[in-house]
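Engineer: run28.cif (mmCIF, C-alpha atoms) pasted underneath:
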```cif
data_work
#
loop_
_atom_site.label_atom_id
_atom_site.label_comp_id
_atom_site.auth_asym_id
_atom_site.auth_seq_id
_atom_site.Cartn_x
_atom_site.Cartn_y
_atom_site.Cartn_z
CA MET A 1 0.00 0.00 0.00
CA MET A 2 2.82 2.36 0.90
CA ILE A 3 4.55 1.61 -2.39
CA TYR A 4 1.32 2.39 -4.28
CA ILE A 5 1.00 5.76 -2.53
CA ILE A 6 4.64 6.67 -3.25
CA PHE A 7 4.25 5.64 -6.87
CA SER A 8 1.08 7.74 -7.21
CA VAL A 9 2.77 10.78 -5.70
CA PHE A 10 5.72 10.28 -8.06
CA ILE A 11 3.37 10.11 -11.06
CA ILE A 12 1.57 13.26 -9.90
CA ILE A 13 4.89 15.11 -9.52
CA ILE A 14 5.99 14.01 -13.00
CA LEU A 15 2.65 15.09 -14.46
CA PHE A 16 2.94 18.44 -12.67
CA ILE A 17 6.48 18.95 -13.98
CA CYS A 18 5.37 18.03 -17.49
CA ALA A 19 2.38 20.35 -17.27
CA ARG A 20 4.58 23.13 -15.94
CA TYR A 21 7.18 22.50 -18.65
CA TRP A 22 4.47 22.46 -21.34
CA TYR A 23 3.07 25.74 -19.98
CA LEU A 24 6.49 27.39 -19.97
CA TRP A 25 7.30 25.99 -23.42
CA ARG A 26 3.97 27.29 -24.69
CA LYS A 27 4.57 30.71 -23.17
CA ILE A 28 8.09 30.90 -24.59
CA SER A 29 6.82 29.84 -28.03
CA VAL A 30 4.15 32.55 -27.96
CA GLN A 31 6.71 35.16 -26.88
CA LYS A 32 9.13 33.93 -29.55
CA ASN A 33 6.45 34.18 -32.23
CA GLU A 34 5.54 37.65 -31.02
CA TRP A 35 9.22 38.66 -31.09
CA VAL A 36 9.63 37.23 -34.61
CA ALA A 37 6.50 39.08 -35.75
CA GLN A 38 7.71 42.32 -34.18
CA THR A 39 11.12 41.84 -35.80
CA LYS A 40 9.52 41.26 -39.20
CA GLU A 41 7.29 44.27 -38.67
CA SER A 42 10.29 46.41 -37.72
CA ASP A 43 12.24 45.16 -40.73
CA THR A 44 9.28 45.92 -43.00
CA ILE A 45 9.01 49.43 -41.58
CA LEU A 46 12.75 49.99 -41.98
CA ARG A 47 12.66 48.75 -45.58
CA SER A 48 9.67 50.93 -46.48
CA MET A 49 11.10 54.13 -45.00
CA ASN A 50 13.15 56.35 -47.27
CA ALA A 51 15.89 56.68 -44.69
CA CYS A 52 18.99 54.72 -43.82
CA PHE A 53 19.20 53.50 -40.21
CA ILE A 54 22.62 52.52 -38.87
CA LEU A 55 23.16 51.15 -35.37
CA ILE A 56 26.81 51.58 -34.33
CA ASN A 57 28.94 51.10 -31.23
CA SER A 58 31.33 53.64 -29.72
CA ASP A 59 34.06 52.56 -32.17
CA LEU A 60 31.72 53.54 -35.04
CA VAL A 61 31.47 49.89 -36.08
CA VAL A 62 28.14 49.04 -37.71
CA ILE A 63 26.02 46.57 -35.72
CA ARG A 64 22.84 46.62 -37.76
CA THR A 65 21.49 48.59 -40.74
CA ASN A 66 18.83 48.66 -43.43
CA TYR A 67 21.33 50.12 -45.91
CA TYR A 68 21.55 46.93 -47.98
CA ASP A 69 17.77 46.71 -48.35
CA LEU A 70 17.60 50.35 -49.47
CA SER A 71 20.45 50.01 -51.94
CA GLY A 72 19.16 46.72 -53.37
CA ILE A 73 22.22 44.67 -52.38
CA SER A 74 21.05 41.05 -52.09
CA GLU A 75 24.04 39.64 -50.21
CA GLU A 76 25.26 41.42 -47.11
CA PRO A 77 28.99 41.18 -46.32
CA ALA A 78 30.10 39.38 -43.17
CA SER A 79 31.13 42.72 -41.66
CA SER A 80 29.95 46.20 -42.63
CA GLY A 81 32.95 47.85 -41.00
CA ARG A 82 32.53 51.43 -39.90
CA VAL A 83 30.08 54.03 -41.22
CA GLY A 84 32.40 55.23 -43.99
CA ASP A 85 33.06 51.65 -45.10
CA LEU A 86 29.34 50.94 -45.23
CA LEU A 87 28.56 54.02 -47.33
CA ASN A 88 31.55 53.45 -49.64
CA CYS A 89 33.11 56.79 -48.71
CA LYS A 90 35.88 57.67 -51.19
CA ASN A 91 38.41 58.35 -48.42
CA ALA A 92 37.58 55.12 -46.59
CA VAL A 93 37.90 52.97 -49.72
CA ARG A 94 41.09 54.54 -51.05
CA SER A 95 42.90 54.79 -47.72
CA GLY A 96 43.51 51.04 -47.59
CA GLY A 97 42.76 51.02 -43.88
CA GLY A 98 39.05 51.76 -43.97
CA CYS A 99 37.00 54.50 -42.36
CA GLY A 100 39.15 56.79 -40.21
CA ALA A 101 42.50 55.85 -41.78
CA HIS A 102 42.66 58.55 -44.46
CA LYS A 103 44.25 61.92 -43.64
CA ASN A 104 41.03 63.65 -44.72
CA CYS A 105 39.08 61.72 -42.07
CA GLU A 106 40.44 64.18 -39.50
CA ASN A 107 38.26 66.83 -41.13
CA CYS A 108 35.16 64.65 -41.49
CA MET A 109 32.25 66.57 -39.97
CA ILE A 110 30.11 63.46 -39.54
CA ARG A 111 32.87 61.55 -37.72
CA HIS A 112 33.62 64.48 -35.38
CA THR A 113 29.94 64.94 -34.56
CA ILE A 114 29.41 61.25 -33.74
CA GLU A 115 32.55 61.06 -31.57
CA ASN A 116 31.50 64.22 -29.74
CA ALA A 117 28.01 62.79 -29.18
CA PHE A 118 29.45 59.60 -27.64
CA TYR A 119 31.78 61.69 -25.46
CA HIS A 120 28.92 63.82 -24.10
CA LYS A 121 26.50 60.85 -24.08
CA LYS A 122 23.82 62.69 -26.06
CA GLY A 123 22.37 62.69 -29.54
CA PHE A 124 22.38 65.25 -32.33
CA HIS A 125 19.89 66.33 -34.97
CA LYS A 126 19.89 67.12 -38.69
CA LEU A 127 23.58 67.49 -39.36
CA GLU A 128 23.91 68.39 -43.05
CA ALA A 129 27.11 67.36 -44.79
CA SER A 130 28.47 66.69 -48.26
CA MET A 131 30.08 63.34 -49.02
CA ARG A 132 31.96 61.91 -52.00
CA LEU A 133 31.05 58.25 -52.43
CA LEU A 134 32.42 55.67 -54.83
CA SER A 135 30.29 53.54 -57.10
CA SER A 136 30.24 49.79 -56.50
CA ASP A 137 33.00 49.28 -59.09
CA HIS A 138 35.06 52.10 -57.49
CA GLN A 139 35.36 53.82 -60.88
CA GLN A 140 32.97 56.74 -60.44
CA ILE A 141 32.85 59.41 -57.72
CA ILE A 142 29.30 60.28 -56.68
CA PRO A 143 28.76 63.59 -54.85
CA CYS A 144 26.07 63.23 -52.23
CA ASP A 145 24.40 65.51 -49.65
CA VAL A 146 23.07 63.90 -46.48
CA SER A 147 21.20 64.88 -43.33
CA VAL A 148 22.28 62.82 -40.29
CA SER A 149 20.65 62.54 -36.86
CA GLY A 150 21.95 60.42 -33.98
CA THR A 151 20.17 58.93 -30.92
CA TYR A 152 22.44 57.93 -28.02
CA LEU A 153 21.69 54.52 -26.44
CA ASN A 154 23.13 52.76 -23.39
CA ASN A 155 22.16 49.10 -23.36
CA GLU A 156 23.38 47.58 -20.09
CA GLY A 157 26.63 49.50 -20.22
CA HIS A 158 27.12 49.05 -23.96
CA GLU A 159 27.16 52.45 -25.63
CA GLN A 160 25.45 52.54 -28.99
CA MET A 161 24.03 55.15 -31.33
CA LEU A 162 21.22 54.92 -33.86
CA LEU A 163 22.03 57.06 -36.90
CA THR A 164 19.27 58.20 -39.25
CA VAL A 165 20.66 59.21 -42.64
CA TYR A 166 18.56 60.98 -45.28
CA ASP A 167 19.76 61.51 -48.84
CA ILE A 168 19.01 65.20 -49.51
CA THR A 169 21.03 65.49 -52.73
CA GLU A 170 17.99 66.30 -54.89
CA LEU A 171 16.77 68.85 -52.34
CA LYS A 172 20.17 70.55 -52.22
CA ASN A 173 20.44 70.55 -56.00
CA MET A 174 17.00 72.14 -56.17
CA GLN A 175 18.04 74.76 -53.62
CA ARG A 176 21.18 75.51 -55.64
CA LEU A 177 19.12 75.88 -58.81
CA LEU A 178 16.66 78.14 -57.00
CA ASN A 179 19.53 80.28 -55.70
CA ILE A 180 20.95 80.56 -59.22
CA GLU A 181 17.52 81.48 -60.57
CA LYS A 182 17.10 84.02 -57.79
CA GLU A 183 20.47 85.59 -58.58
CA ASN A 184 19.61 85.64 -62.27
CA ALA A 185 16.24 87.22 -61.51
CA VAL A 186 17.85 89.91 -59.35
CA SER A 187 20.46 90.54 -62.03
CA ALA A 188 17.78 90.67 -64.73
CA GLU A 189 15.72 93.08 -62.64
CA LYS A 190 18.72 95.38 -62.24
CA LEU A 191 19.42 95.21 -65.96
CA LYS A 192 15.77 95.89 -66.73
CA SER A 193 15.74 98.90 -64.39
CA ALA A 194 18.88 100.22 -66.07
CA PHE A 195 17.30 99.54 -69.46
CA ILE A 196 14.13 101.46 -68.55
CA ALA A 197 16.21 104.40 -67.34
CA ASN A 198 18.27 104.27 -70.54
CA MET A 199 15.12 103.85 -72.65
CA SER A 200 13.67 107.01 -71.14
CA HIS A 201 16.78 108.87 -72.26
CA GLU A 202 16.86 107.18 -75.67
CA ILE A 203 13.23 108.11 -76.41
CA ARG A 204 13.44 111.61 -74.97
CA THR A 205 16.52 112.56 -77.01
CA PRO A 206 15.07 112.00 -80.53
CA LEU A 207 11.68 113.37 -79.46
CA ASN A 208 13.29 116.58 -78.23
CA ALA A 209 15.27 116.82 -81.46
CA ILE A 210 12.16 116.27 -83.60
CA VAL A 211 10.11 118.82 -81.68
CA GLY A 212 12.91 121.37 -81.42
CA PHE A 213 14.14 121.25 -85.01
CA SER A 214 10.58 121.09 -86.36
CA GLY A 215 10.00 124.45 -84.68
CA LEU A 216 13.21 125.84 -86.16
CA LEU A 217 12.23 124.43 -89.55
CA ALA A 218 8.93 126.29 -89.46
CA SER A 219 10.66 129.62 -88.87
CA ALA A 220 13.65 129.09 -91.20
CA ASP A 221 13.85 131.07 -94.46
CA ASP A 222 17.09 129.76 -95.94
CA ASP A 223 16.76 126.58 -98.04
CA THR A 224 20.11 125.26 -96.89
CA GLU A 225 19.09 125.75 -93.28
CA LYS A 226 15.74 124.07 -93.92
CA LYS A 227 17.46 121.05 -95.48
CA MET A 228 19.79 120.75 -92.50
CA TYR A 229 16.83 120.80 -90.10
CA LEU A 230 14.92 118.30 -92.24
CA ASP A 231 17.88 115.93 -92.22
CA ILE A 232 18.14 116.16 -88.43
CA VAL A 233 14.40 115.53 -88.01
CA ALA A 234 14.53 112.59 -90.44
CA GLU A 235 17.54 111.08 -88.68
CA ASN A 236 15.91 111.30 -85.26
CA ASN A 237 12.64 110.03 -86.69
CA ASP A 238 14.46 106.91 -87.95
CA ARG A 239 16.14 106.53 -84.58
CA LEU A 240 12.82 106.77 -82.73
CA LEU A 241 11.20 104.31 -85.14
CA GLN A 242 14.04 101.83 -84.54
CA ILE A 243 13.58 102.11 -80.77
CA VAL A 244 9.84 101.45 -81.05
CA THR A 245 10.45 98.52 -83.43
CA ASP A 246 13.01 96.95 -81.06
CA VAL A 247 10.69 97.25 -78.07
CA LEU A 248 7.72 95.81 -79.98
CA ASP A 249 9.80 92.89 -81.26
CA LEU A 250 11.09 92.26 -77.74
CA SER A 251 7.50 92.17 -76.49
CA LYS A 252 6.57 89.69 -79.24
CA ILE A 253 9.54 87.48 -78.40
CA GLU A 254 8.62 87.38 -74.71
CA SER A 255 5.00 86.51 -75.56
CA GLY A 256 6.05 83.95 -78.19
CA SER A 257 4.12 85.72 -80.96
CA LEU A 258 6.97 86.76 -83.27
CA ASP A 259 5.82 85.89 -86.80
CA PHE A 260 7.89 84.23 -89.53
CA HIS A 261 6.86 84.09 -93.20
CA TYR A 262 8.97 81.97 -95.55
CA SER A 263 9.26 82.59 -99.28
CA GLU A 264 11.58 82.06 -102.24
CA PHE A 265 13.87 84.94 -103.21
CA ASP A 266 17.25 85.72 -104.76
CA VAL A 267 19.55 86.36 -101.80
CA ASN A 268 22.16 88.17 -103.94
CA ASP A 269 19.53 90.61 -105.26
CA LEU A 270 18.32 91.12 -101.70
CA LEU A 271 21.80 92.07 -100.46
CA CYS A 272 22.39 94.44 -103.38
CA ALA A 273 19.08 96.20 -102.74
CA LEU A 274 19.88 96.41 -99.04
CA HIS A 275 23.26 97.97 -99.85
CA GLY A 276 21.55 100.84 -101.68
CA ILE A 277 19.33 101.54 -98.68
CA LEU A 278 22.06 101.30 -96.04
CA ASP A 279 24.62 103.28 -98.02
CA ILE A 280 22.43 106.38 -97.70
CA ARG A 281 23.11 106.35 -93.95
CA LEU A 282 26.82 106.94 -94.67
CA LYS A 283 26.44 109.96 -96.95
CA ASP A 284 27.74 112.20 -94.16
CA LYS A 285 30.60 109.80 -93.37
CA PRO A 286 32.77 109.65 -96.50
CA GLU A 287 35.60 108.14 -94.46
CA ILE A 288 33.59 104.90 -94.17
CA LYS A 289 32.92 102.71 -97.19
CA LEU A 290 30.05 100.21 -97.25
CA ILE A 291 30.83 97.17 -99.42
CA CYS A 292 28.33 94.52 -100.50
CA GLU A 293 30.07 91.25 -101.34
CA ALA A 294 27.05 89.60 -102.94
CA GLY A 295 27.53 87.32 -105.91
CA THR A 296 26.47 88.18 -109.45
CA ASP A 297 24.75 84.88 -110.18
CA GLU A 298 21.17 84.17 -109.22
CA TRP A 299 20.88 82.24 -105.95
CA ILE A 300 17.32 81.34 -105.00
CA ILE A 301 16.79 80.30 -101.38
CA TYR A 302 13.68 79.57 -99.31
CA SER A 303 13.86 81.49 -96.05
CA GLU A 304 12.48 84.43 -94.04
CA GLN A 305 13.36 87.42 -96.21
CA HIS A 306 12.04 90.13 -93.87
CA ARG A 307 13.93 88.80 -90.83
CA ILE A 308 17.19 88.43 -92.78
CA VAL A 309 16.90 92.10 -93.80
CA GLN A 310 16.19 93.03 -90.17
CA ILE A 311 19.22 91.12 -88.85
CA ILE A 312 21.69 92.45 -91.44
CA THR A 313 20.35 95.99 -90.98
CA ASN A 314 20.86 95.71 -87.21
CA LEU A 315 24.40 94.42 -87.68
CA VAL A 316 25.35 97.11 -90.23
CA HIS A 317 23.88 99.89 -88.07
CA ASN A 318 25.83 98.49 -85.13
CA ALA A 319 29.03 98.52 -87.21
CA MET A 320 28.37 102.14 -88.23
CA LYS A 321 28.24 103.19 -84.57
CA PHE A 322 31.66 101.76 -83.75
CA THR A 323 33.55 102.32 -87.01
CA HIS A 324 35.09 105.77 -87.47
CA SER A 325 36.97 105.06 -90.69
CA GLY A 326 37.67 102.19 -93.05
CA GLU A 327 35.21 99.64 -94.38
CA ILE A 328 32.03 97.81 -93.49
CA CYS A 329 31.52 94.70 -95.59
CA PHE A 330 28.56 92.33 -95.66
CA GLY A 331 27.67 89.31 -97.73
CA CYS A 332 26.87 85.60 -97.68
CA ARG A 333 28.18 82.27 -98.93
CA PRO A 334 27.25 78.59 -98.77
CA GLN A 335 28.37 76.64 -95.71
CA GLY A 336 28.28 72.92 -96.23
CA GLU A 337 25.40 71.49 -98.21
CA ASP A 338 22.48 72.72 -96.14
CA GLU A 339 23.43 76.08 -94.59
CA ILE A 340 23.98 79.67 -95.66
CA TYR A 341 26.53 81.87 -93.87
CA PHE A 342 25.90 85.65 -93.54
CA TYR A 343 28.48 88.08 -92.19
CA VAL A 344 29.03 91.78 -91.44
CA SER A 345 32.67 92.84 -90.96
CA ASP A 346 34.03 96.23 -89.94
CA THR A 347 37.32 97.96 -89.20
CA GLY A 348 35.99 99.52 -86.02
CA ILE A 349 37.22 99.65 -82.44
CA GLY A 350 36.70 95.93 -81.81
CA ILE A 351 35.42 94.14 -78.72
CA PRO A 352 37.60 92.88 -75.84
CA ALA A 353 37.63 89.09 -75.53
CA GLY A 354 36.13 89.22 -72.04
CA GLU A 355 33.16 91.27 -73.25
CA GLN A 356 32.22 89.23 -76.32
CA ASP A 357 29.95 86.84 -74.42
CA LYS A 358 28.00 89.74 -72.90
CA ILE A 359 27.05 91.65 -76.03
CA PHE A 360 24.16 89.31 -76.82
CA ASP A 361 22.68 89.66 -73.31
CA ARG A 362 19.39 91.48 -73.11
CA PHE A 363 19.50 95.12 -71.92
CA THR A 364 23.32 95.11 -72.11
CA LYS A 365 25.32 98.01 -73.61
CA LEU A 366 29.11 97.95 -73.48
CA ASP A 367 29.46 101.64 -74.40
CA HIS A 368 26.82 103.84 -72.80
CA GLU A 369 28.04 106.88 -74.73
CA VAL A 370 26.84 105.36 -78.02
CA PRO A 371 23.12 105.87 -78.70
CA GLY A 372 20.90 102.80 -78.84
CA THR A 373 18.74 100.54 -76.69
CA GLY A 374 21.16 97.63 -76.45
CA LEU A 375 18.48 95.32 -77.86
CA GLY A 376 19.57 94.98 -81.49
CA LEU A 377 22.02 92.11 -81.03
CA THR A 378 19.74 90.31 -78.58
CA LEU A 379 16.81 90.52 -80.99
CA SER A 380 18.98 89.44 -83.91
CA GLN A 381 20.33 86.39 -82.09
CA THR A 382 16.85 85.39 -80.90
CA ILE A 383 15.46 85.65 -84.43
CA VAL A 384 18.34 83.56 -85.80
CA GLN A 385 17.76 80.88 -83.15
CA ASN A 386 14.04 80.82 -83.96
CA LEU A 387 14.95 80.29 -87.60
CA GLY A 388 17.07 77.29 -86.60
CA GLY A 389 20.49 78.93 -86.95
CA GLU A 390 23.39 80.21 -84.88
CA MET A 391 24.95 83.62 -84.35
CA GLY A 392 28.37 84.69 -83.09
CA VAL A 393 31.14 87.26 -83.25
CA GLU A 394 34.88 87.30 -83.91
CA SER A 395 36.66 90.46 -82.85
CA GLU A 396 40.01 91.99 -82.00
CA VAL A 397 40.47 95.33 -80.25
CA THR A 398 41.49 98.19 -82.62
CA LYS A 399 41.21 95.88 -85.65
CA GLY A 400 37.48 95.36 -85.99
CA SER A 401 34.74 92.77 -85.66
CA THR A 402 32.89 90.22 -87.75
CA PHE A 403 29.36 89.33 -86.76
CA TRP A 404 28.03 86.21 -88.46
CA PHE A 405 24.98 84.01 -88.47
CA THR A 406 24.00 80.79 -90.21
CA LEU A 407 20.57 79.67 -91.37
CA PRO A 408 19.43 76.27 -92.65
CA LEU A 409 18.62 76.07 -96.35
CA LYS A 410 15.06 74.82 -96.61
CA SER A 411 13.68 73.14 -99.72
#
```
In structure tokens, write the structure found in this file.
Structural biologist:
Amino acid sequence: MMIYIIFSVFIIIILFICARYWYLWRKISVQKNEWVAQTKESDTILRSMNACFILINSDLVVIRTNYYDLSGISEEPASSGRVGDLLNCKNAVRSGGGCGAHKNCENCMIRHTIENAFYHKKGFHKLEASMRLLSSDHQQIIPCDVSVSGTYLNNEGHEQMLLTVYDITELKNMQRLLNIEKENAVSAEKLKSAFIANMSHEIRTPLNAIVGFSGLLASADDDTEKKMYLDIVAENNDRLLQIVTDVLDLSKIESGSLDFHYSEFDVNDLLCALHGILDIRLKDKPEIKLICEAGTDEWIIYSEQHRIVQIITNLVHNAMKFTHSGEICFGCRPQGEDEIYFYVSDTGIGIPAGEQDKIFDRFTKLDHEVPGTGLGLTLSQTIVQNLGGEMGVESEVTKGSTFWFTLPLKS
């Protein structure tokens, strides 16, 4: 009987131990499943976030990161090394000793900030820095702007830091572009203000001349005197008309409504006729000779006749302003099989090399003593570009300039 009781107690104890073990095993399994689920959930969140998380120790060695998931690297290396090694920092890769071994690492803002945060046992927020990373094949340098924040952790005496790294390269590039656009807008506004002030003077001067000499013309008795006044009025009338034409064309260009009408015409006849019109402007300047270098044979082209006349007229008038003696030549010739090359050359004062890129800028005048709006070259270049061509200048100080433009030959 005693043996039966002892055996029963032993069985009960074994059953209790088994039940207790099963309960603990069940509890541990549930906790393990919950931990696995939480880990998967955390990994999913890390993968879906557009930020790189890097857990490091006080030696800046990477413990855990979602960098490989973000960058699409399927196989993680056995060791990620330090932060610079992980991100493929140019200095870390090329030093041979990894992150911190290169002489430039002493000036690394990110490294200094992290070390300082560990020293003071506190985090930091939104440190912006520029990095130069290497591509996976180490052949290409990739400039990159990042924003880094760090959270200090102390896990049972083990110092760690969770770094959050955002790639802000596109944002910084956009900011740089906006700053450039802002500077350009400010510069353009200053130029426009100067242009308006100059335009006021340019309009007032011929108007005053027309009004003043018209009054003198009305009271003049001598025919020679009348002719002189008429010439002055006519000259200022042409000048005023040119100003109005330039401003109207500029307005059309800005609104995109500048018209182009193509037709067939003999370009050599056009240049000869234009020579007769432009040569009249030099009747009071016998020291300057206008030469038309058009060919004698018929050359029929299909292009915008009115705009070609406008461009050459602008260029010849411009040459007249800056040429005190010598020659002004204009003409055209074939260039290749599908282009025509126009040119206007003078023996004027020339343009310094450093100023040649500026003369086509809107509202720009290199010599403010010379009358004009400063729009002629800008308008001419814009018209040429709209016609599918190019425009440029070759010049040497004291020897003269050659303005040229090319246009496609249309069939």
Engineer: Just the number, please: distance in Å from CA of Gly256 (chain A) to CA of Gly388 (chain A), one decimal.
Structural biologist: 15.4 Å
Engineer: Give me, please, the distance in Å between CA of Leu278 (chain A) and CA of Ala234 (chain A), quoted to one decimal.
Structural biologist: 14.7 Å
Engineer: Can you tell me how far CA of Ser263 (chain A) sits from CA of Lys410 (chain A), in Å to one decimal?
Structural biologist: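 Spanning CA of Ser263 (chain A) to CA of Lys410 (chain A) is a straight-line distance of 10.1 Å.
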Engineer: Name the residues captured by the PyMOL selection byres ((chain A and resi 355) around 12) when it is applied to the shown file; answer as a CSV table (one decimal) with C-alpha atoms, keeping the file's coordinate frame.
Structural biologist:
```
chain,number,residue,atom,x,y,z
A,350,GLY,CA,36.7,95.9,-81.8
A,351,ILE,CA,35.4,94.1,-78.7
A,352,PRO,CA,37.6,92.9,-75.8
A,353,ALA,CA,37.6,89.1,-75.5
A,354,GLY,CA,36.1,89.2,-72.0
A,356,GLN,CA,32.2,89.2,-76.3
A,357,ASP,CA,30.0,86.8,-74.4
A,358,LYS,CA,28.0,89.7,-72.9
A,359,ILE,CA,27.0,91.6,-76.0
A,360,PHE,CA,24.2,89.3,-76.8
A,361,ASP,CA,22.7,89.7,-73.3
A,364,THR,CA,23.3,95.1,-72.1
A,365,LYS,CA,25.3,98.0,-73.6
A,366,LEU,CA,29.1,98.0,-73.5
A,367,ASP,CA,29.5,101.6,-74.4
A,393,VAL,CA,31.1,87.3,-83.2
A,394,GLU,CA,34.9,87.3,-83.9
A,395,SER,CA,36.7,90.5,-82.8
A,396,GLU,CA,40.0,92.0,-82.0
A,397,VAL,CA,40.5,95.3,-80.2
```
Engineer: For Arg132 (chain A), which residue out of A:Gln175, A:Thr151, A:Asn88, A:Gln242 is the nearest one, using only C-alpha atoms?
Structural biologist: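 Smallest separation from Arg132 (chain A) among the options: A:Asn88.
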Engineer: Selected by the PyMOL selection byres ((chain A and resi 286-298) around 10) in the shown coordinates: which residues, as an MDAnalysis selection string?
Structural biologist: chainID A and resid 265:276 278:285 299:301 316 320 323:333 343:347
Engineer: If we count only C-alpha atoms and set the cut-off at 12 Å, which residues sit around Ser147 (chain A), ignoring sequence neighbours fewer than 5 positions away in its own chain? Please answer as a list in words.
Structural biologist: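 Counting only C-alpha atoms, the residues come to Ala51, Cys52, Phe53, Met109, Ile110, Phe124, His125, Lys126, Leu127, Glu128, Ala129, Ser130, Met131, Leu163, Thr164, Val165, Tyr166, Asp167, Ile168, Thr169, Leu171 and Lys172 of chain A.
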Engineer: Nearest residue to Gly215 (chain A) out of A:Ile11, A:Leu240, A:Ile5, A:Leu230, using all atoms listed in the file?
Structural biologist: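 Smallest separation from Gly215 (chain A) among the options: A:Leu230.
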Engineer: Can you work out which one of A:Ser251, A:Ser58, A:Ser187, A:Asn314 has the shortest atom-to-atom distance to His120 (chain A), counting all atoms listed in the file?
Structural biologist: A:Ser58
Engineer: Using only C-alpha atoms, which of the listed residues (A:Asn208, A:Asn116, A:Asn318, A:Gln381) sits closest to Leu60 (chain A)?
Structural biologist: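 Under the stated criterion, the closest residue is A:Asn116.
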Engineer: Would you translate the PyMOL selection byres ((chain A and resi 217) around 12) into the concrete set of residues it matches in this file, as JSON, numbers by chain?
Structural biologist: {"A": [209, 210, 211, 212, 213, 214, 215, 216, 218, 219, 220, 221, 222, 223, 224, 225, 226, 227, 228, 229, 230, 231, 232, 233]}
Engineer: Save out the residues we just selected, C-alpha atoms, as a JSON list (two decimals), in the frame of the given file.
Structural biologist:
```
[["chain", "number", "residue", "atom", "x", "y", "z"],
["A", 209, "ALA", "CA", 15.27, 116.82, -81.46],
["A", 210, "ILE", "CA", 12.16, 116.27, -83.60],
["A", 211, "VAL", "CA", 10.11, 118.82, -81.68],
["A", 212, "GLY", "CA", 12.91, 121.37, -81.42],
["A", 213, "PHE", "CA", 14.14, 121.25, -85.01],
["A", 214, "SER", "CA", 10.58, 121.09, -86.36],
["A", 215, "GLY", "CA", 10.00, 124.45, -84.68],
["A", 216, "LEU", "CA", 13.21, 125.84, -86.16],
["A", 218, "ALA", "CA", 8.93, 126.29, -89.46],
["A", 219, "SER", "CA", 10.66, 129.62, -88.87],
["A", 220, "ALA", "CA", 13.65, 129.09, -91.20],
["A", 221, "ASP", "CA", 13.85, 131.07, -94.46],
["A", 222, "ASP", "CA", 17.09, 129.76, -95.94],
["A", 223, "ASP", "CA", 16.76, 126.58, -98.04],
["A", 224, "THR", "CA", 20.11, 125.26, -96.89],
["A", 225, "GLU", "CA", 19.09, 125.75, -93.28],
["A", 226, "LYS", "CA", 15.74, 124.07, -93.92],
["A", 227, "LYS", "CA", 17.46, 121.05, -95.48],
["A", 228, "MET", "CA", 19.79, 120.75, -92.50],
["A", 229, "TYR", "CA", 16.83, 120.80, -90.10],
["A", 230, "LEU", "CA", 14.92, 118.30, -92.24],
["A", 231, "ASP", "CA", 17.88, 115.93, -92.22],
["A", 232, "ILE", "CA", 18.14, 116.16, -88.43],
["A", 233, "VAL", "CA", 14.40, 115.53, -88.01]]
```
Engineer: Select, counting all atoms listed in the file, all protein, DNA and RNA residues no farther than 12 Å from (16.3, 86.5, -84.7) in file coordinates, and express the selection as number ranges by chain.
Structural biologist: A: 246, 249-250, 252-253, 258-260, 304-312, 314-315, 360, 375-391, 405-407
Engineer: Looking at all atoms listed in the file, which of A:Asn57, A:Ser257, A:Ser193, A:Ser401 is the one that sits closest to Arg82 (chain A)?
Structural biologist: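 Counting all atoms listed in the file, the residue closest to Arg82 (chain A) is A:Asn57.
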